[in-house]
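*Asks:* To be precise about what I am sending: the file is called input_39.tsv and holds TSV, C-alpha atoms.
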chain	number	residue	atom	x	y	z
A	1	MET	CA	-25.16	-82.48	-17.21
A	2	LYS	CA	-26.78	-79.09	-16.94
A	3	ARG	CA	-26.38	-79.17	-13.19
A	4	VAL	CA	-22.61	-79.62	-13.42
A	5	LEU	CA	-21.60	-77.21	-16.19
A	6	PRO	CA	-22.00	-73.91	-14.30
A	7	LEU	CA	-19.53	-75.24	-11.77
A	8	LYS	CA	-16.54	-74.27	-13.84
A	9	TYR	CA	-17.61	-70.64	-13.83
A	10	ILE	CA	-17.70	-70.39	-10.08
A	11	THR	CA	-14.89	-68.27	-8.72
A	12	SER	CA	-11.79	-69.68	-7.23
A	13	LEU	CA	-13.05	-68.96	-3.74
A	14	LEU	CA	-15.88	-71.39	-4.18
A	15	LEU	CA	-13.49	-73.87	-5.65
A	16	LEU	CA	-11.68	-73.89	-2.36
A	17	VAL	CA	-14.94	-74.61	-0.50
A	18	SER	CA	-15.16	-77.98	-2.15
A	19	PHE	CA	-15.23	-79.40	-5.58
A	20	CYS	CA	-15.72	-82.89	-4.16
A	21	GLY	CA	-18.92	-81.98	-2.38
A	22	PHE	CA	-20.61	-80.81	-5.56
A	23	ALA	CA	-19.34	-83.71	-7.58
A	24	GLN	CA	-20.83	-86.22	-5.19
A	25	ASP	CA	-24.18	-84.49	-5.37
A	26	SER	CA	-24.26	-84.64	-9.14
A	27	GLU	CA	-24.42	-88.45	-9.29
A	28	LEU	CA	-23.03	-88.49	-12.82
A	29	PRO	CA	-21.48	-91.67	-14.21
A	30	GLU	CA	-17.65	-91.67	-14.56
A	31	SER	CA	-17.80	-91.71	-18.35
A	32	ALA	CA	-19.78	-88.48	-18.39
A	33	ILE	CA	-17.21	-86.81	-16.16
A	34	ASP	CA	-14.45	-88.04	-18.51
A	35	SER	CA	-16.12	-86.46	-21.51
A	36	LEU	CA	-16.35	-83.19	-19.60
A	37	ARG	CA	-12.60	-83.33	-19.06
A	38	GLN	CA	-11.81	-83.43	-22.76
A	39	THR	CA	-9.61	-80.62	-24.06
A	40	ASN	CA	-8.38	-79.51	-27.45
A	41	TRP	CA	-5.10	-80.90	-28.66
A	42	GLY	CA	-3.22	-79.38	-31.53
A	43	PHE	CA	-0.61	-77.00	-32.79
A	44	ARG	CA	-0.29	-73.71	-30.97
A	45	VAL	CA	1.39	-70.63	-32.48
A	46	GLY	CA	1.93	-67.20	-31.05
A	47	ILE	CA	4.29	-64.34	-30.39
A	48	ASN	CA	6.21	-62.87	-27.52
A	49	ILE	CA	4.71	-59.40	-27.14
A	50	LEU	CA	7.57	-58.06	-25.02
A	51	PRO	CA	10.02	-57.14	-27.86
A	52	PRO	CA	7.42	-55.04	-29.75
A	53	LEU	CA	6.49	-53.31	-26.50
A	54	VAL	CA	10.14	-52.60	-25.72
A	55	SER	CA	10.66	-51.11	-29.19
A	56	ILE	CA	7.86	-48.62	-28.52
A	57	ILE	CA	9.73	-47.34	-25.46
A	58	ASP	CA	13.22	-47.70	-26.93
A	59	LYS	CA	13.00	-47.21	-30.69
A	60	ASP	CA	16.51	-48.51	-31.36
A	61	ASP	CA	15.79	-51.98	-30.05
A	62	GLN	CA	13.93	-54.23	-32.44
A	63	GLY	CA	12.80	-57.76	-31.90
A	64	LEU	CA	10.42	-60.41	-33.08
A	65	GLU	CA	9.90	-63.78	-31.45
A	66	LEU	CA	7.48	-66.44	-32.65
A	67	ILE	CA	6.56	-69.30	-30.37
A	68	ALA	CA	4.99	-72.65	-31.17
A	69	ASP	CA	4.18	-75.87	-29.40
A	70	TYR	CA	2.58	-79.20	-30.12
A	71	ARG	CA	0.95	-81.39	-27.49
A	72	PHE	CA	2.10	-84.97	-27.92
A	73	LYS	CA	1.10	-86.45	-24.57
A	74	GLN	CA	-1.39	-85.51	-21.88
A	75	ASN	CA	1.12	-83.26	-20.07
A	76	TRP	CA	3.94	-82.99	-22.61
A	77	TYR	CA	4.49	-80.40	-25.34
A	78	LEU	CA	7.14	-80.06	-28.01
A	79	ALA	CA	8.03	-76.39	-27.89
A	80	ALA	CA	10.08	-74.02	-30.03
A	81	GLU	CA	10.89	-70.34	-30.28
A	82	LEU	CA	12.24	-68.53	-33.30
A	83	GLY	CA	13.21	-64.92	-33.57
A	84	ARG	CA	15.49	-62.05	-34.43
A	85	GLU	CA	16.72	-59.17	-32.35
A	86	SER	CA	18.68	-55.96	-32.65
A	87	TYR	CA	19.80	-54.57	-29.33
A	88	PHE	CA	21.67	-51.38	-28.48
A	89	GLY	CA	23.49	-51.81	-25.21
A	90	SER	CA	24.89	-48.96	-23.22
A	91	GLU	CA	27.51	-49.72	-20.61
A	92	ASP	CA	29.33	-47.22	-18.40
A	93	PHE	CA	32.28	-46.83	-20.78
A	94	PHE	CA	31.06	-47.98	-24.18
A	95	ASP	CA	28.03	-48.65	-26.36
A	96	TYR	CA	27.44	-51.60	-28.63
A	97	ASN	CA	24.91	-53.07	-30.98
A	98	THR	CA	24.14	-56.77	-31.36
A	99	LYS	CA	21.83	-58.18	-34.00
A	100	GLY	CA	21.01	-61.64	-35.18
A	101	ASN	CA	18.70	-64.60	-35.32
A	102	PHE	CA	18.00	-67.38	-32.86
A	103	ALA	CA	16.10	-70.64	-32.55
A	104	LYS	CA	15.25	-72.81	-29.56
A	105	ILE	CA	13.71	-76.24	-29.39
A	106	GLY	CA	12.70	-78.42	-26.47
A	107	VAL	CA	9.83	-79.70	-24.37
A	108	ASN	CA	7.44	-78.35	-21.76
A	109	TYR	CA	5.87	-80.42	-19.01
A	110	ASN	CA	2.54	-79.21	-17.67
A	111	ALA	CA	2.54	-79.65	-13.92
A	112	TYR	CA	-0.91	-78.17	-13.46
A	113	ASN	CA	-3.96	-80.35	-12.82
A	114	ASN	CA	-6.76	-78.81	-14.80
A	115	TRP	CA	-10.27	-78.79	-13.56
A	116	LEU	CA	-12.77	-80.37	-15.95
A	117	ASP	CA	-12.18	-79.13	-19.52
A	118	MET	CA	-9.94	-76.20	-18.61
A	119	ASN	CA	-6.76	-76.13	-20.59
A	120	ASN	CA	-4.33	-74.07	-18.53
A	121	GLU	CA	-0.70	-74.77	-17.90
A	122	ILE	CA	1.90	-74.19	-15.27
A	123	PHE	CA	4.89	-75.63	-17.00
A	124	ILE	CA	8.56	-76.28	-16.67
A	125	GLY	CA	10.73	-77.22	-19.58
A	126	GLY	CA	14.11	-77.37	-21.23
A	127	ARG	CA	15.50	-76.00	-24.46
A	128	TYR	CA	18.52	-76.19	-26.68
A	129	GLY	CA	19.13	-72.89	-28.38
A	130	PHE	CA	21.51	-71.32	-30.84
A	131	ALA	CA	22.04	-67.91	-32.35
A	132	ASN	CA	23.93	-66.33	-35.23
A	133	PHE	CA	24.71	-62.68	-34.78
A	134	THR	CA	26.99	-59.70	-35.31
A	135	GLN	CA	28.28	-57.39	-32.63
A	136	LYS	CA	29.57	-53.88	-33.09
A	137	VAL	CA	31.14	-51.48	-30.61
A	138	THR	CA	29.65	-48.11	-31.47
A	139	GLU	CA	31.31	-45.73	-29.03
A	140	VAL	CA	34.10	-46.04	-26.51
A	141	THR	CA	35.19	-43.82	-23.65
A	142	TYR	CA	38.48	-45.12	-22.37
A	143	TYR	CA	38.62	-46.01	-18.75
A	144	ASN	CA	41.08	-43.32	-17.90
A	145	SER	CA	43.74	-42.89	-15.29
A	146	GLY	CA	42.33	-40.10	-13.20
A	147	THR	CA	40.56	-36.93	-14.27
A	148	TYR	CA	43.53	-34.68	-15.04
A	149	PHE	CA	43.20	-35.05	-18.80
A	150	PRO	CA	39.86	-35.08	-20.58
A	151	ASP	CA	38.27	-38.44	-21.32
A	152	TYR	CA	39.17	-39.96	-24.59
A	153	ALA	CA	36.05	-40.97	-26.52
A	154	PHE	CA	36.05	-42.21	-30.05
A	155	ASN	CA	34.00	-43.99	-32.61
A	156	PRO	CA	35.68	-47.24	-33.56
A	157	GLN	CA	35.35	-48.04	-37.23
A	158	SER	CA	36.78	-51.50	-37.17
A	159	ALA	CA	35.27	-53.03	-34.04
A	160	GLN	CA	32.60	-55.02	-35.83
A	161	SER	CA	32.53	-58.77	-35.39
A	162	ASP	CA	30.57	-60.76	-37.95
A	163	ARG	CA	29.49	-64.37	-37.88
A	164	LEU	CA	29.42	-64.88	-34.15
A	165	ASN	CA	27.42	-67.74	-32.75
A	166	ALA	CA	26.40	-69.26	-29.44
A	167	HIS	CA	24.87	-72.54	-28.33
A	168	TRP	CA	23.14	-72.89	-25.03
A	169	PHE	CA	20.82	-74.88	-22.81
A	170	GLU	CA	18.03	-73.26	-20.98
A	171	MET	CA	15.47	-74.00	-18.28
A	172	VAL	CA	12.06	-72.46	-18.69
A	173	ALA	CA	9.11	-72.06	-16.38
A	174	GLY	CA	5.87	-70.27	-16.89
A	175	LEU	CA	2.19	-70.48	-17.40
A	176	LYS	CA	-0.40	-70.26	-20.11
A	177	VAL	CA	-4.00	-69.40	-19.44
A	178	GLU	CA	-6.84	-69.98	-21.92
A	179	THR	CA	-8.55	-66.60	-21.80
A	180	PHE	CA	-10.89	-67.10	-24.74
A	181	LYS	CA	-11.61	-70.31	-26.57
A	182	ASN	CA	-8.23	-71.52	-27.92
A	183	LEU	CA	-6.54	-68.18	-27.19
A	184	PHE	CA	-3.83	-68.25	-24.57
A	185	LEU	CA	-2.03	-65.58	-22.59
A	186	GLY	CA	1.23	-66.63	-21.05
A	187	VAL	CA	4.31	-65.60	-19.17
A	188	GLN	CA	7.60	-67.40	-19.27
A	189	VAL	CA	10.99	-67.00	-17.71
A	190	ALA	CA	14.09	-68.67	-19.11
A	191	PHE	CA	17.49	-69.20	-17.53
A	192	SER	CA	20.17	-69.84	-20.12
A	193	LYS	CA	23.67	-71.17	-19.81
A	194	ILE	CA	25.93	-70.85	-22.83
A	195	ILE	CA	27.78	-74.06	-23.69
A	196	THR	CA	29.97	-72.86	-26.56
A	197	GLU	CA	30.27	-69.54	-28.34
A	198	ASP	CA	32.41	-67.68	-30.85
A	199	GLN	CA	33.81	-64.66	-29.07
A	200	PRO	CA	35.10	-61.64	-30.96
A	201	GLU	CA	38.85	-61.23	-30.75
A	202	GLY	CA	39.83	-58.92	-27.90
A	203	PHE	CA	36.24	-58.47	-26.84
A	204	GLU	CA	33.37	-60.61	-25.60
A	205	ASN	CA	29.75	-61.41	-26.34
A	206	LEU	CA	27.69	-59.13	-24.14
A	207	PHE	CA	24.30	-59.83	-25.60
A	208	VAL	CA	23.08	-62.93	-27.38
A	209	PRO	CA	19.84	-62.89	-29.37
A	210	GLY	CA	17.46	-65.29	-27.68
A	211	ILE	CA	19.21	-64.98	-24.32
A	212	GLY	CA	19.57	-61.27	-23.75
A	213	ARG	CA	22.35	-59.64	-21.76
A	214	THR	CA	24.74	-62.28	-20.51
A	215	SER	CA	26.44	-62.17	-17.15
A	216	VAL	CA	30.02	-62.98	-16.21
A	217	ASN	CA	29.23	-66.70	-15.92
A	218	ASN	CA	27.56	-66.82	-19.34
A	219	ILE	CA	24.16	-66.99	-17.74
A	220	GLY	CA	21.18	-65.07	-19.04
A	221	THR	CA	17.67	-64.48	-17.77
A	222	ARG	CA	14.90	-63.70	-20.17
A	223	PHE	CA	11.29	-62.89	-19.61
A	224	SER	CA	8.47	-63.26	-22.15
A	225	TYR	CA	4.81	-62.41	-22.33
A	226	THR	CA	3.05	-64.50	-24.94
A	227	ILE	CA	-0.19	-64.54	-26.85
A	228	SER	CA	-0.87	-67.76	-28.70
A	229	TYR	CA	-3.63	-69.44	-30.59
A	230	LEU	CA	-4.33	-73.16	-30.55
A	231	ILE	CA	-5.23	-74.72	-33.87
A	232	PRO	CA	-7.15	-77.75	-32.60
A	233	PHE	CA	-6.58	-81.09	-34.30
A	234	LYS	CA	-8.59	-83.29	-31.97
A	235	LYS	CA	-10.42	-83.44	-28.67
A	236	LYS	CA	-9.09	-85.89	-26.14
B	237	MET	CA	-8.98	-69.58	-11.35
B	238	THR	CA	-7.79	-67.56	-14.32
B	239	ARG	CA	-7.50	-64.50	-12.15
B	240	ARG	CA	-5.39	-66.37	-9.66
B	241	LEU	CA	-3.01	-67.52	-12.38
B	242	MET	CA	-2.77	-63.95	-13.64
B	243	ALA	CA	-1.90	-62.69	-10.19
B	244	PHE	CA	0.79	-65.35	-9.94
B	245	ALA	CA	2.17	-64.30	-13.34
B	246	PHE	CA	2.27	-60.67	-12.28
B	247	ILE	CA	4.21	-61.45	-9.10
B	248	LEU	CA	6.58	-63.63	-11.11
B	249	ALA	CA	7.12	-60.73	-13.53
B	250	LEU	CA	7.92	-58.30	-10.72
B	251	PHE	CA	10.37	-60.72	-9.20
B	252	PHE	CA	12.38	-61.32	-12.33
B	253	SER	CA	12.30	-57.78	-13.68
B	254	SER	CA	14.54	-56.73	-10.78
B	255	CYS	CA	17.27	-59.20	-11.75
B	256	GLU	CA	19.30	-56.88	-13.99
B	257	ASN	CA	22.96	-57.10	-13.01
B	258	GLU	CA	24.44	-53.75	-12.06
B	259	ASP	CA	28.11	-54.52	-11.88
B	260	ILE	CA	30.56	-51.82	-10.93
B	261	CYS	CA	34.03	-51.45	-12.40
B	262	LEU	CA	36.69	-52.48	-9.91
B	263	GLN	CA	39.53	-53.42	-12.24
B	264	GLU	CA	42.56	-51.29	-13.10
B	265	GLY	CA	42.14	-48.89	-16.00
B	266	THR	CA	44.63	-47.13	-18.22
B	267	PRO	CA	47.97	-47.26	-16.40
B	268	PHE	CA	49.70	-44.26	-14.90
B	269	VAL	CA	53.38	-43.95	-15.77
B	270	ILE	CA	55.53	-44.54	-12.71
B	271	ILE	CA	58.68	-42.47	-12.44
B	272	THR	CA	61.30	-42.97	-9.74
B	273	PHE	CA	64.04	-40.47	-8.94
B	274	TYR	CA	67.62	-41.62	-8.35
B	275	ASP	CA	70.84	-39.99	-7.25
B	276	LYS	CA	73.06	-39.12	-10.26
B	277	ASP	CA	76.21	-39.58	-8.16
B	278	ASN	CA	75.05	-42.83	-6.67
B	279	PRO	CA	72.79	-44.50	-9.28
B	280	GLN	CA	71.65	-47.33	-6.99
B	281	GLU	CA	70.16	-44.94	-4.43
B	282	LYS	CA	66.79	-43.27	-4.65
B	283	LYS	CA	66.89	-39.57	-4.08
B	284	ALA	CA	63.87	-37.39	-3.31
B	285	VAL	CA	63.24	-34.26	-5.37
B	286	ASP	CA	62.78	-31.09	-3.31
B	287	SER	CA	59.45	-29.30	-3.80
B	288	LEU	CA	58.57	-30.97	-7.10
B	289	THR	CA	55.81	-29.46	-9.21
B	290	VAL	CA	54.58	-31.37	-12.27
B	291	SER	CA	52.31	-29.54	-14.68
B	292	SER	CA	51.09	-29.68	-18.23
B	293	GLU	CA	50.19	-26.66	-20.31
B	294	ASP	CA	46.43	-25.94	-20.32
B	295	PHE	CA	45.75	-28.45	-17.55
B	296	GLY	CA	47.39	-26.85	-14.51
B	297	ASP	CA	49.45	-28.52	-11.80
B	298	TYR	CA	49.20	-32.24	-11.39
B	299	ILE	CA	51.66	-32.42	-8.51
B	300	GLN	CA	52.33	-29.30	-6.49
B	301	ASN	CA	55.33	-28.60	-4.29
B	302	ARG	CA	55.87	-32.11	-3.03
B	303	THR	CA	59.10	-33.67	-1.88
B	304	THR	CA	59.08	-37.22	-3.13
B	305	ASP	CA	61.25	-39.92	-4.72
B	306	SER	CA	58.56	-41.40	-6.97
B	307	ILE	CA	55.48	-40.19	-8.86
B	308	ALA	CA	52.73	-41.66	-11.02
B	309	ILE	CA	51.47	-39.40	-13.81
B	310	PRO	CA	48.75	-39.90	-16.43
B	311	MET	CA	49.20	-39.62	-20.16
B	312	ASN	CA	46.87	-37.63	-22.38
B	313	LEU	CA	44.98	-40.32	-24.31
B	314	ASN	CA	43.70	-37.84	-26.89
B	315	LEU	CA	47.21	-37.34	-28.23
B	316	SER	CA	50.17	-39.56	-29.01
B	317	GLN	CA	52.41	-37.36	-26.90
B	318	THR	CA	52.12	-35.58	-23.58
B	319	PRO	CA	54.38	-32.66	-22.65
B	320	TYR	CA	55.08	-32.12	-18.97
B	321	LEU	CA	56.92	-29.45	-17.07
B	322	PHE	CA	58.95	-30.83	-14.16
B	323	GLN	CA	59.92	-28.10	-11.72
B	324	SER	CA	62.15	-28.54	-8.72
B	325	GLY	CA	62.10	-25.38	-6.66
B	326	GLU	CA	62.60	-22.65	-9.25
B	327	ILE	CA	64.35	-24.76	-11.88
B	328	GLN	CA	62.31	-26.15	-14.78
B	329	ASP	CA	62.74	-29.01	-17.24
B	330	ASN	CA	60.58	-29.85	-20.24
B	331	LEU	CA	59.82	-33.51	-20.84
B	332	VAL	CA	57.84	-34.88	-23.76
B	333	PHE	CA	56.41	-38.38	-23.41
B	334	SER	CA	55.51	-40.04	-26.70
B	335	TYR	CA	53.91	-43.40	-27.32
B	336	ASN	CA	51.66	-45.53	-29.47
B	337	ARG	CA	48.21	-46.14	-28.01
B	338	GLU	CA	46.66	-49.58	-28.08
B	339	SER	CA	43.24	-50.41	-26.76
B	340	GLU	CA	42.59	-53.41	-24.58
B	341	TYR	CA	39.22	-54.73	-23.49
B	342	ILE	CA	38.87	-55.16	-19.72
B	343	SER	CA	35.29	-56.08	-18.95
B	344	ARG	CA	31.66	-55.07	-19.44
B	345	SER	CA	31.71	-52.73	-16.47
B	346	CYS	CA	35.14	-51.18	-17.11
B	347	GLY	CA	35.10	-51.09	-20.89
B	348	PHE	CA	38.45	-50.49	-22.59
B	349	LYS	CA	41.77	-49.24	-21.33
B	350	THR	CA	44.70	-47.83	-23.25
B	351	THR	CA	48.12	-49.41	-23.09
B	352	PHE	CA	51.28	-47.84	-24.44
B	353	THR	CA	53.93	-49.25	-26.73
B	354	GLU	CA	57.14	-47.72	-28.06
B	355	PHE	CA	57.21	-45.45	-25.09
B	356	LEU	CA	59.81	-42.67	-25.39
B	357	LEU	CA	60.81	-39.68	-23.32
B	358	ASP	CA	62.49	-36.59	-24.76
B	359	LEU	CA	64.45	-34.26	-22.56
B	360	ASN	CA	65.72	-31.03	-24.12
B	361	ASN	CA	68.36	-28.84	-22.51
B	362	PRO	CA	68.20	-30.40	-19.06
B	363	ASN	CA	68.58	-28.15	-16.07
B	364	TRP	CA	68.10	-29.98	-12.77
B	365	ILE	CA	67.65	-33.40	-14.36
B	366	ASN	CA	70.88	-35.15	-15.22
B	367	SER	CA	69.69	-38.10	-17.31
B	368	ILE	CA	66.79	-40.46	-17.88
B	369	GLU	CA	66.48	-44.20	-18.33
B	370	ILE	CA	63.44	-45.97	-19.79
B	371	LEU	CA	62.92	-49.39	-18.27
B	372	ASN	CA	59.72	-50.38	-20.10
B	373	THR	CA	58.83	-49.32	-23.60
B	374	ASP	CA	55.55	-51.23	-23.27
B	375	ILE	CA	53.47	-49.92	-20.41
B	376	ILE	CA	50.47	-52.12	-19.73
B	377	ASP	CA	50.00	-51.79	-15.97
B	378	GLU	CA	51.28	-50.05	-12.87
B	379	ALA	CA	53.18	-53.01	-11.50
B	380	SER	CA	56.65	-51.42	-11.69
B	381	THR	CA	58.66	-48.30	-12.39
B	382	SER	CA	58.85	-47.48	-16.08
B	383	ILE	CA	61.20	-44.52	-15.99
B	384	LYS	CA	64.21	-43.65	-13.87
B	385	ILE	CA	65.25	-40.01	-13.60
B	386	TYR	CA	68.71	-39.24	-12.25
B	387	HIS	CA	69.32	-35.86	-10.67
In structure tokens, what does this structure look like?
*Replies:*
Amino acid sequence: MKRVLPLKYITSLLLLVSFCGFAQDSELPESAIDSLRQTNWGFRVGINILPPLVSIIDKDDQGLELIADYRFKQNWYLAAELGRESYFGSEDFFDYNTKGNFAKIGVNYNAYNNWLDMNNEIFIGGRYGFANFTQKVTEVTYYNSGTYFPDYAFNPQSAQSDRLNAHWFEMVAGLKVETFKNLFLGVQVAFSKIITEDQPEGFENLFVPGIGRTSVNNIGTRFSYTISYLIPFKKK
Amino acid sequence: MTRRLMAFAFILALFFSSCENEDICLQEGTPFVIITFYDKDNPQEKKAVDSLTVSSEDFGDYIQNRTTDSIAIPMNLNLSQTPYLFQSGEIQDNLVFSYNRESEYISRSCGFKTTFTEFLLDLNNPNWINSIEILNTDIIDEASTSIKIYH
């Protein structure tokens, strides 16, 4: 056993040289190898650190996103995200503010073959998500005919839309790396496609909490950096 | 191994951070008002105005010394009426365009445009202009002539 353990600390370069070669030398019984492959299973909770970082740079934007997953099969995880966001968008001719809450639930599949008892993931997954939010146009400059007269800018008082919502499906891909025992750093990208939404009258949803800025085809791309902690239930 | 995954994550981050959509406004904005000049003696026939100058107080000339049978002029969106001075050669006429302004959402990249309802045109003590005819009281685009001026 002592001869095998240091193996997992050898750099990736050595890994390429040959894992098989070392394994054959070790002459360990299969059952011993299996016990070395055991990893912690349990409930993992964490946060997306991107929204707090963004709010340092841009103080108007506020966001909090909690993430959680639960491993229910060797390579399968139930996964969920929960959060709230307030976003100030600035387009060429108007500004707006969207704020609200969102939740997503789905599964992740770990497509990465871990070496011994490493517990890393390269995953793909799917989510169903929904959001409740309000959207307010804060300043408008009318798209004018020419430059002869000065632009007409004003502060609309009535352009607030309450109780908007959106439902969407999303594809996620990313990875999680166990950096310290049970502590994971991760990155994740999500592509969302809105299925149904409440649009404000005479306007449209430009930002959806949980999705981000939406494009013409109701598609959004969202990036997350995550830190999460695994509360181990069992070793398997 | 961990380092390799981190490197992969970093590259992934770079790739997707450049995906922001920068769309440019290509749609039509607030409409110009299209005016066509007709012959007062022969109302079916267009008739060009000789050396037409169109100006508005404080804003200078919009059209200068042009001989034309149709023009497109903007309205001042800050006010519910826009006075214009129409000058043919040395003869002047004062026209006051008045309207209600409505806002209409176009798109993310273009924002809002203004459309006009209850469009009216006042002509006091006409000199070279004989009469006016308003074809559209609701002006939402530049698809057709909204005002006919006979001279």
*Asks:* From the options A:Phe207, A:Phe169, A:Phe93, A:Phe102, which residue's atoms come nearest to chain B, counting all atoms listed in the file?
*Replies:*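 Of A:Phe207, A:Phe169, A:Phe93, A:Phe102, the one nearest chain B is A:Phe93, counting all atoms listed in the file.
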*Asks:* Go through chain B and flag each residue having an atom no more than 6 Å from chain A; for those, report the closest pair of atoms plus their distance in Å to one decimal, using all atoms listed in the file, ordered by chain and rising number, as a tab-separated table.
*Replies:*
residue	atom	partner	partner_atom	distance
B:Met237	CA	A:Ser12	CA	5.0
B:Gly265	CA	A:Tyr143	CA	5.3
B:Thr266	CA	A:Asn144	CA	5.2
B:Pro310	CA	A:Ser145	CA	5.9
B:Asn312	CA	A:Phe149	CA	5.7
B:Leu313	CA	A:Tyr152	CA	5.8
B:Asn314	CA	A:Tyr152	CA	5.5
B:Tyr341	CA	A:Phe203	CA	5.8
B:Gly347	CA	A:Phe93	CA	5.1
B:Phe348	CA	A:Tyr142	CA	5.4
B:Lys349	CA	A:Tyr143	CA	5.2
*Asks:* So which one's closest to Asp286 (chain B), B:Leu331, B:His387, B:Gln263, B:Arg337? Using only C-alpha atoms, please.
*Replies:*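 The answer is B:His387, which sits nearest to Asp286 (chain B).
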*Asks:* For region 269-276 of chain B, work out the shell of residues within 9 Å, counting only C-alpha atoms and skipping chain neighbours fewer than 2 positions away, then give it as a PyMOL selection string.
*Replies:* chain B and resi 267+278-285+304-311+365-367+375+377-387
*Asks:* As an MDAnalysis selection string, please: the residues near Lys104 (chain A) (cut-off 6 Å, all atoms listed in the file, same-chain neighbours under 2 positions excluded).
*Replies:* chainID A and resid 80:81 128:129
*Asks:* Which neighbours of Val332 (chain B) fall inside 12 Å, counting all atoms listed in the file, when residues of the same chain fewer than 3 positions from it are skipped, and could you give them as a PyMOL selection string?
*Replies:* chain B and resi 291-293+311-312+315-322+329+335+355-360
*Asks:* Report, as lines of an AutoDock Vina configuration file, the axis-aligned box around all atoms of region 162-170 of chain A present in the file, extended by 6 Å on each side; give centre and edge lengths in Å to one decimal place.
*Replies:*
center_x = 24.3
center_y = -67.8
center_z = -29.5
size_x = 24.5
size_y = 26.1
size_z = 29.0
*Asks:* Would you mind reading off the distance between CA of Ser192 (chain A) and CA of Lys59 (chain A), one decimal, in Å?
*Replies:*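 CA of Lys59 (chain A) lies at a distance of 26.0 Å from CA of Ser192 (chain A).
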*Asks:* Find the residue from A:Thr226, A:Gln74, A:Asn97, A:Asn119 that sits nearest to Thr39 (chain A); use only C-alpha atoms when measuring.
*Replies:*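 Using only C-alpha atoms, the shortest distance to Thr39 (chain A) belongs to A:Asn119.
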